[in-house]
Protein chains: 2
Amino acid sequence: MINQKYKKMLSSRSVIRELSEYATARAAEIGRENVFDFTLGNPSVPVPEDYTDAVMDLHRTQEPVALHGYSPSLGIEYVRESVAASLKKRFGIPYEAKHIFMTSGAAGALAHAIRAVTEPGDEVLVFAPYFSEYIPYINDTGAVIHIVEADTGHFQIRFDALEAAMNERVNAVLINSPNNPSGVVYSEETLKKLSDFLREKEQEYGHDIFLISDEPYREIVFDGLSVPYPSRFYSNTLSCYSFSKSLSLPGERIGYVAVNPEATDADILAIMFGQISRGIGHNCPASSVQRAVERVLDETADLSVYETNRNLLYDCLTAAGLSVEKPGGTFYMFPKVIGDDAVLFCKKAMEHDLIFVPSDGFGVKGHFRIAYCVDTDMIRRAIPVIEEFLKNY
Amino acid sequence: MINQKYKKMLSSRSVIRELSEYATARAAEIGRENVFDFTLGNPSVPVPEDYTDAVMDLHRTQEPVALHGYSPSLGIEYVRESVAASLKKRFGIPYEAKHIFMTSGAAGALAHAIRAVTEPGDEVLVFAPYFSEYIPYINDTGAVIHIVEADTGHFQIRFDALEAAMNERVNAVLINSPNNPSGVVYSEETLKKLSDFLREKEQEYGHDIFLISDEPYREIVFDGLSVPYPSRFYSNTLSCYSFSKSLSLPGERIGYVAVNPEATDADILAIMFGQISRGIGHNCPASSVQRAVERVLDETADLSVYETNRNLLYDCLTAAGLSVEKPGGTFYMFPKVIGDDAVLFCKKAMEHDLIFVPSDGFGVKGHFRIAYCVDTDMIRRAIPVIEEFLKNY
């Protein structure tokens with residue numbers, strides 16, 4: 001008599017994971033250098049040396065019982081203070097430690113943020129294209145996911161589609177900029193318009209609508225631009241962050257939720273997250289990782305390789321005539337396929353050992369995702385293969 | 001419009017945490033050496049040096065992208081293999097990697113185990129006295145907690161009370177041996193009788209009843225005894241473990257669920273746990289911690305201090321005439337109070353700066369919990385104060 005809902009989930013395996021496993025098996029067969037695996041969003045550059053030094057120093061110098069002791073369920077106090085100070089300095093929002101809740105990566109952050117501001121049955125708006133894991137993340141909270149149709153031109157927001165989707169049961173809107181899978185960064189104009197729209201709806205419905213902003217790619221931006229920080233535009237914002245991509249630490253599972261100090265109930269939300277943790281068995285990121293990350297809060301891995309890779313691929317694809325919205329950040333690109341069948345297109349690409357992810361799982365048809373967090377050398381070797389594939393398609 | 005269930009939980013703060021905060025504040029006032037804080041189950045002995053060496057070595061020698069890369073959601077494969085091999089060797093149960101699911105401590109383990117084998121509305125039986133966090137752990141899964149009255153004599157199982165509580169809606173039974181708060185270890189006789197009873201009820205009801213065995217204190221046993229391993233007695237057992245206490249690593253949040261290979265659906269339960277993780281935002285313990293713990297799987301911190309402390313306290317309390325069931329393990333003791341009001345007793349003890357936890361939060365009246373994971377020196381200094389307090393009570 002095991003749980004039937006979770007048992008059923010077993011048959012709906014992740015397409016990305018299946019493709020990635022295929023790529024790995026294929027590499028074992030014909031050699032790693034002959035397979036061009038663009039499936040996984042796994043950082044390809046090392047963590048900064050300062051992080052490794054911090055880990056070594058902590059383990060060498062700190063008293064073990066204190067170093068490995070229980071973290072308070074909201075996170076280690078001085079770590080929360082440092083995160084608040086860093087965000088305050090950077091974005092001019094007067095965060096204090098009480099607004100910061102340390103989490104097991106962005107997944108942990110979203111699990112708390114969504115539960116805190118919705119009741120079962122409430123709707124959460126999500127814009128296509130979206131990270132496919134949002135579906136289980138949201139479904140399991142008891143809230144209902146409601147997809148807003150994509151702006152397949154520039155991957156900003158289609159406000160007519162947003163207006164059509166919005167209704168009184170919506171208590172949270174989830175955005176992800178820089179975006180997985182499109183690589184697009186929401187412009188200031190988009191964020192201003194979204195904020196105005198949400199404030200208007202809050203007024204109309206007489207209840208809060210929280211903006212849950214998933215920002216694991218905040219640090220990976222190109223062309224010297226910086227990402228407009230959503231919380232500056234809308235006070236009911238919960239910023240969900242992960243150090244997975246910026247510090248190349250995905251396995252260490254560390255991130256946070258930052259509650260805008262002007263948000264409704266801003267002073268109790270982090271404490272509520274702590275209560276939510278008890279129910280979902282979350283219980284903080286590892287204490288040694290919290291302490292080590294605190295020492296390198298304002299650093300990143302050397303992220304420049306992702307821009308190099310973007311440029312190479314973008315030039316290759318556009319020269320071959322594909323329609324591609326140029327990514328402003330992340331390590332993803334989301335070109336249009338030739339024809340309209342993304343699954344068929346990606347299947348044909350596989351015959352050339354080019355492993356792409358069709359767009360259907362991201363809630364959009366007719367595109368494919370390239371994850372270019374790979375060695376630049378691999379991109380250079382892939383380019384002639386891509387050119388050949390596209391020429392004959 | 002924040003979530004009202006979690007908002008309400010804010011007013012029901014943890015008694016243990018409040019007492020611990022009082023002790024800390026009081027120590028700041030009158031000096032740390034004058035406050036006898038027996039509230040928290042925080043290990044007081046250092047992690048084995050081999051663990052620290054493992055962390056240093058991993059960070060010095062491993063390629064950072066691999067070391068800090070995403071762990072598969074079920075845990076790193078070779079870590080799961082090592083855990084399975086260690087358990088197999090120790091307990092003679094033919095575990096394989098597929099039966100092991102790495103978790104963020106025992107809290108994470110229970111969150112998955114309970115969700116996997118219950119549907120919302122099903123009952124989970126829990127024996128008093130119980131770790132008070134079981135209430136939020138179980139409530140949030142959607143299952144209903146059903147308390148079985150305590151055997152306040154020896155803190156084994158009252159089978160008449162179990163028979164009275166058992167019914168068709170029970171799909172899981174949660175045990176915790178060695179037990180927090182009583183320190184008692186379930187005897188082989190108790191486990192045999194429990195297993196026979198559950199098998200009989202499975203037959204009668206025509207459905208599985210899973211035994212969820214919470215075992216963070218498995219390694220802390222006294223008098224050279226060993227803890228009977230529940231999974232050896234009952235095949236539908238999910239063993240939930242944490243390295244927090246045995247390796248003194250509570251802040252690092254690492255543990256596992258081990259599915260008995262003979263359990264119903266044994267081959268798919270770990271994969272189901274992976275699906276559950278997506279919904280609750282769990283996503284594995286930190287990858288570097290998984291790798292470091294794997295290197296010291298069969299070690300423990302020097303746990304002998306807890307036995308020394310138990311002996312000193314047990315002798316002191318029994319000599320003063322208190323009724324105490326002698327703990328077979330853990331670092332807790334659960335004596336009867338004088339009179340029958342545990343809250344009043346603990347309040348009076350506080351006047352002597354002896355900070356104990358009254359039993360009411362553990363589902364039993366008239367007892368108090370002493371957590372003796374403290375310096376032996378503190379116990380020695382506390383003994384005359386305890387004697388004085390009890391003499392005048």
# chains A, B, ... in the order shown; residues from 1 in each chain; ligands from 1
>>> closest_atom_pairs(of="chain A", to="chain B", cutoff="7 Å", atoms="only C-alpha atoms", output="JSON lines")
{"residue": "A:Met1", "atom": "CA", "partner": "B:Asp208", "partner_atom": "CA", "distance": 5.8}
{"residue": "A:Ile2", "atom": "CA", "partner": "B:Val117", "partner_atom": "CA", "distance": 4.3}
{"residue": "A:Asn3", "atom": "CA", "partner": "B:Ala116", "partner_atom": "CA", "distance": 5.3}
{"residue": "A:Tyr6", "atom": "CA", "partner": "B:Met272", "partner_atom": "CA", "distance": 6.0}
{"residue": "A:Lys7", "atom": "CA", "partner": "B:Met272", "partner_atom": "CA", "distance": 6.2}
{"residue": "A:Met9", "atom": "CA", "partner": "B:Gln275", "partner_atom": "CA", "distance": 6.7}
{"residue": "A:Leu10", "atom": "CA", "partner": "B:Met272", "partner_atom": "CA", "distance": 6.7}
{"residue": "A:Ser44", "atom": "CA", "partner": "B:Val65", "partner_atom": "CA", "distance": 6.4}
{"residue": "A:Val45", "atom": "CA", "partner": "B:Val65", "partner_atom": "CA", "distance": 6.5}
{"residue": "A:Pro46", "atom": "CA", "partner": "B:Val65", "partner_atom": "CA", "distance": 5.2}
{"residue": "A:Val47", "atom": "CA", "partner": "B:Pro64", "partner_atom": "CA", "distance": 6.4}
{"residue": "A:Thr52", "atom": "CA", "partner": "B:His59", "partner_atom": "CA", "distance": 6.4}
{"residue": "A:Met56", "atom": "CA", "partner": "B:Met56", "partner_atom": "CA", "distance": 5.9}
{"residue": "A:His59", "atom": "CA", "partner": "B:Thr52", "partner_atom": "CA", "distance": 6.4}
{"residue": "A:Pro64", "atom": "CA", "partner": "B:Pro46", "partner_atom": "CA", "distance": 5.4}
{"residue": "A:Val65", "atom": "CA", "partner": "B:Pro46", "partner_atom": "CA", "distance": 5.2}
{"residue": "A:His68", "atom": "CA", "partner": "B:Gly251", "partner_atom": "CA", "distance": 4.9}
{"residue": "A:Gly69", "atom": "CA", "partner": "B:Gly251", "partner_atom": "CA", "distance": 4.7}
{"residue": "A:Tyr70", "atom": "CA", "partner": "B:Gly251", "partner_atom": "CA", "distance": 4.0}
{"residue": "A:Ser71", "atom": "CA", "partner": "B:Gly251", "partner_atom": "CA", "distance": 5.5}
{"residue": "A:Ala107", "atom": "CA", "partner": "B:Gly281", "partner_atom": "CA", "distance": 4.8}
{"residue": "A:Gly108", "atom": "CA", "partner": "B:Gly281", "partner_atom": "CA", "distance": 4.5}
{"residue": "A:Ala111", "atom": "CA", "partner": "B:Gly281", "partner_atom": "CA", "distance": 5.3}
{"residue": "A:Ala116", "atom": "CA", "partner": "B:Asn3", "partner_atom": "CA", "distance": 5.3}
{"residue": "A:Val117", "atom": "CA", "partner": "B:Ile2", "partner_atom": "CA", "distance": 4.3}
{"residue": "A:Thr118", "atom": "CA", "partner": "B:Asn3", "partner_atom": "CA", "distance": 5.6}
{"residue": "A:Glu119", "atom": "CA", "partner": "B:Asn3", "partner_atom": "CA", "distance": 5.5}
{"residue": "A:Pro136", "atom": "CA", "partner": "B:Gly279", "partner_atom": "CA", "distance": 5.2}
{"residue": "A:Tyr137", "atom": "CA", "partner": "B:Gly279", "partner_atom": "CA", "distance": 4.7}
{"residue": "A:Asp140", "atom": "CA", "partner": "B:Gly279", "partner_atom": "CA", "distance": 4.8}
{"residue": "A:His207", "atom": "CA", "partner": "B:Met1", "partner_atom": "CA", "distance": 6.3}
{"residue": "A:Asp208", "atom": "CA", "partner": "B:Met1", "partner_atom": "CA", "distance": 5.8}
{"residue": "A:Leu249", "atom": "CA", "partner": "B:His68", "partner_atom": "CA", "distance": 5.1}
{"residue": "A:Pro250", "atom": "CA", "partner": "B:Tyr70", "partner_atom": "CA", "distance": 5.2}
{"residue": "A:Gly251", "atom": "CA", "partner": "B:Tyr70", "partner_atom": "CA", "distance": 4.0}
{"residue": "A:Glu252", "atom": "CA", "partner": "B:Ala286", "partner_atom": "CA", "distance": 4.1}
{"residue": "A:Arg253", "atom": "CA", "partner": "B:Ala286", "partner_atom": "CA", "distance": 5.7}
{"residue": "A:Met272", "atom": "CA", "partner": "B:Tyr6", "partner_atom": "CA", "distance": 6.0}
{"residue": "A:Gln275", "atom": "CA", "partner": "B:Tyr6", "partner_atom": "CA", "distance": 6.3}
{"residue": "A:Ile276", "atom": "CA", "partner": "B:Tyr6", "partner_atom": "CA", "distance": 6.6}
{"residue": "A:Arg278", "atom": "CA", "partner": "B:Pro136", "partner_atom": "CA", "distance": 6.0}
{"residue": "A:Gly279", "atom": "CA", "partner": "B:Tyr137", "partner_atom": "CA", "distance": 4.7}
{"residue": "A:Ile280", "atom": "CA", "partner": "B:Ile280", "partner_atom": "CA", "distance": 5.8}
{"residue": "A:Gly281", "atom": "CA", "partner": "B:Gly108", "partner_atom": "CA", "distance": 4.5}
{"residue": "A:His282", "atom": "CA", "partner": "B:His282", "partner_atom": "CA", "distance": 6.1}
{"residue": "A:Ala286", "atom": "CA", "partner": "B:Glu252", "partner_atom": "CA", "distance": 4.1}
{"residue": "A:Ser287", "atom": "CA", "partner": "B:Gly251", "partner_atom": "CA", "distance": 4.9}
{"residue": "A:Ser288", "atom": "CA", "partner": "B:Glu252", "partner_atom": "CA", "distance": 6.7}
>>> residues_around(residues="A:Pro94", least_positions_apart="2", cutoff="10 Å", atoms="only C-alpha atoms", output="list in words")
Ala84, Ala85, Leu87, Lys88, Lys89, Phe91, Gly92, Glu96, His99, Asn260, Pro261 and Glu262 of chain A
>>> select_by_dssp(residues="stretch 126-281 of chain A", states="helix (DSSP H, G or I)", output="PyMOL selection string")
chain A and resi 134-139+159-165+188-205+230-232+250-252+266-280
>>> residues_around(residues="stretch 340-353 of chain A", least_positions_apart="4", cutoff="12 Å", atoms="only C-alpha atoms", output="VMD selection string")
chain A and resid 15 to 16 19 to 20 22 to 27 29 to 39 334 to 336 357 to 370 381 to 393
>>> select_by_dssp(residues="stretch 99-154 of chain B", states="strand (DSSP E or B)", output="JSON, numbers by chain")
{"B": [100, 101, 102, 103, 123, 124, 125, 126, 127, 144, 145, 146, 147, 148]}
>>> residues_around(residues="B:Phe101", least_positions_apart="4", cutoff="7 Å", atoms="only C-alpha atoms", output="PyMOL selection string")
chain B and resi 74-75+256-258+270
>>> closest_residue(among="B:Ser177, B:Ser304, B:Ser239, B:Ser323", to="B:Ile100", atoms="only C-alpha atoms")
B:Ser239
>>> decode(residues="stretch 26-40 of chain B", atoms="N, CA, C and O atoms", output="PDB file, in the first residue's frame")
ATOM      1  N   ARG B  26      20.480  33.175  30.761  1.00  0.00           N
ATOM      2  CA  ARG B  26      20.840  33.108  32.176  1.00  0.00           C
ATOM      3  C   ARG B  26      22.364  32.964  32.335  1.00  0.00           C
ATOM      4  O   ARG B  26      22.963  33.574  33.220  1.00  0.00           O
ATOM      5  N   ALA B  27      22.979  32.182  31.434  1.00  0.00           N
ATOM      6  CA  ALA B  27      24.431  31.996  31.486  1.00  0.00           C
ATOM      7  C   ALA B  27      25.145  33.317  31.233  1.00  0.00           C
ATOM      8  O   ALA B  27      26.173  33.614  31.845  1.00  0.00           O
ATOM      9  N   ALA B  28      24.595  34.118  30.336  1.00  0.00           N
ATOM     10  CA  ALA B  28      25.195  35.420  30.055  1.00  0.00           C
ATOM     11  C   ALA B  28      25.132  36.309  31.299  1.00  0.00           C
ATOM     12  O   ALA B  28      26.005  37.154  31.531  1.00  0.00           O
ATOM     13  N   GLU B  29      24.122  36.075  32.108  1.00  0.00           N
ATOM     14  CA  GLU B  29      23.868  36.904  33.294  1.00  0.00           C
ATOM     15  C   GLU B  29      24.762  36.487  34.473  1.00  0.00           C
ATOM     16  O   GLU B  29      25.425  37.314  35.085  1.00  0.00           O
ATOM     17  N   ILE B  30      24.775  35.188  34.773  1.00  0.00           N
ATOM     18  CA  ILE B  30      25.451  34.744  36.002  1.00  0.00           C
ATOM     19  C   ILE B  30      26.690  33.886  35.725  1.00  0.00           C
ATOM     20  O   ILE B  30      27.307  33.373  36.657  1.00  0.00           O
ATOM     21  N   GLY B  31      27.057  33.747  34.450  1.00  0.00           N
ATOM     22  CA  GLY B  31      28.254  32.947  34.130  1.00  0.00           C
ATOM     23  C   GLY B  31      27.859  31.555  33.681  1.00  0.00           C
ATOM     24  O   GLY B  31      27.009  30.904  34.296  1.00  0.00           O
ATOM     25  N   ARG B  32      28.536  31.123  32.620  1.00  0.00           N
ATOM     26  CA  ARG B  32      28.238  29.836  31.996  1.00  0.00           C
ATOM     27  C   ARG B  32      28.390  28.675  32.980  1.00  0.00           C
ATOM     28  O   ARG B  32      27.648  27.693  32.927  1.00  0.00           O
ATOM     29  N   GLU B  33      29.384  28.808  33.887  1.00  0.00           N
ATOM     30  CA  GLU B  33      29.679  27.696  34.787  1.00  0.00           C
ATOM     31  C   GLU B  33      28.629  27.524  35.879  1.00  0.00           C
ATOM     32  O   GLU B  33      28.615  26.521  36.594  1.00  0.00           O
ATOM     33  N   ASN B  34      27.729  28.516  36.000  1.00  0.00           N
ATOM     34  CA  ASN B  34      26.722  28.435  37.059  1.00  0.00           C
ATOM     35  C   ASN B  34      25.353  27.984  36.573  1.00  0.00           C
ATOM     36  O   ASN B  34      24.393  27.940  37.344  1.00  0.00           O
ATOM     37  N   VAL B  35      25.252  27.699  35.272  1.00  0.00           N
ATOM     38  CA  VAL B  35      23.970  27.246  34.718  1.00  0.00           C
ATOM     39  C   VAL B  35      24.149  25.814  34.225  1.00  0.00           C
ATOM     40  O   VAL B  35      25.122  25.509  33.542  1.00  0.00           O
ATOM     41  N   PHE B  36      23.210  24.950  34.608  1.00  0.00           N
ATOM     42  CA  PHE B  36      23.315  23.537  34.260  1.00  0.00           C
ATOM     43  C   PHE B  36      22.239  23.228  33.221  1.00  0.00           C
ATOM     44  O   PHE B  36      21.104  22.906  33.550  1.00  0.00           O
ATOM     45  N   ASP B  37      22.661  23.385  31.973  1.00  0.00           N
ATOM     46  CA  ASP B  37      21.723  23.310  30.859  1.00  0.00           C
ATOM     47  C   ASP B  37      21.647  21.878  30.324  1.00  0.00           C
ATOM     48  O   ASP B  37      22.550  21.422  29.636  1.00  0.00           O
ATOM     49  N   PHE B  38      20.534  21.204  30.661  1.00  0.00           N
ATOM     50  CA  PHE B  38      20.341  19.814  30.215  1.00  0.00           C
ATOM     51  C   PHE B  38      19.229  19.722  29.168  1.00  0.00           C
ATOM     52  O   PHE B  38      18.502  18.743  29.107  1.00  0.00           O
ATOM     53  N   THR B  39      19.102  20.777  28.350  1.00  0.00           N
ATOM     54  CA  THR B  39      17.934  20.829  27.463  1.00  0.00           C
ATOM     55  C   THR B  39      18.159  20.196  26.087  1.00  0.00           C
ATOM     56  O   THR B  39      17.283  19.524  25.567  1.00  0.00           O
ATOM     57  N   LEU B  40      19.338  20.423  25.496  1.00  0.00           N
ATOM     58  CA  LEU B  40      19.485  20.130  24.065  1.00  0.00           C
ATOM     59  C   LEU B  40      20.228  18.835  23.772  1.00  0.00           C
ATOM     60  O   LEU B  40      21.228  18.527  24.417  1.00  0.00           O
TER      61      LEU B  40
END
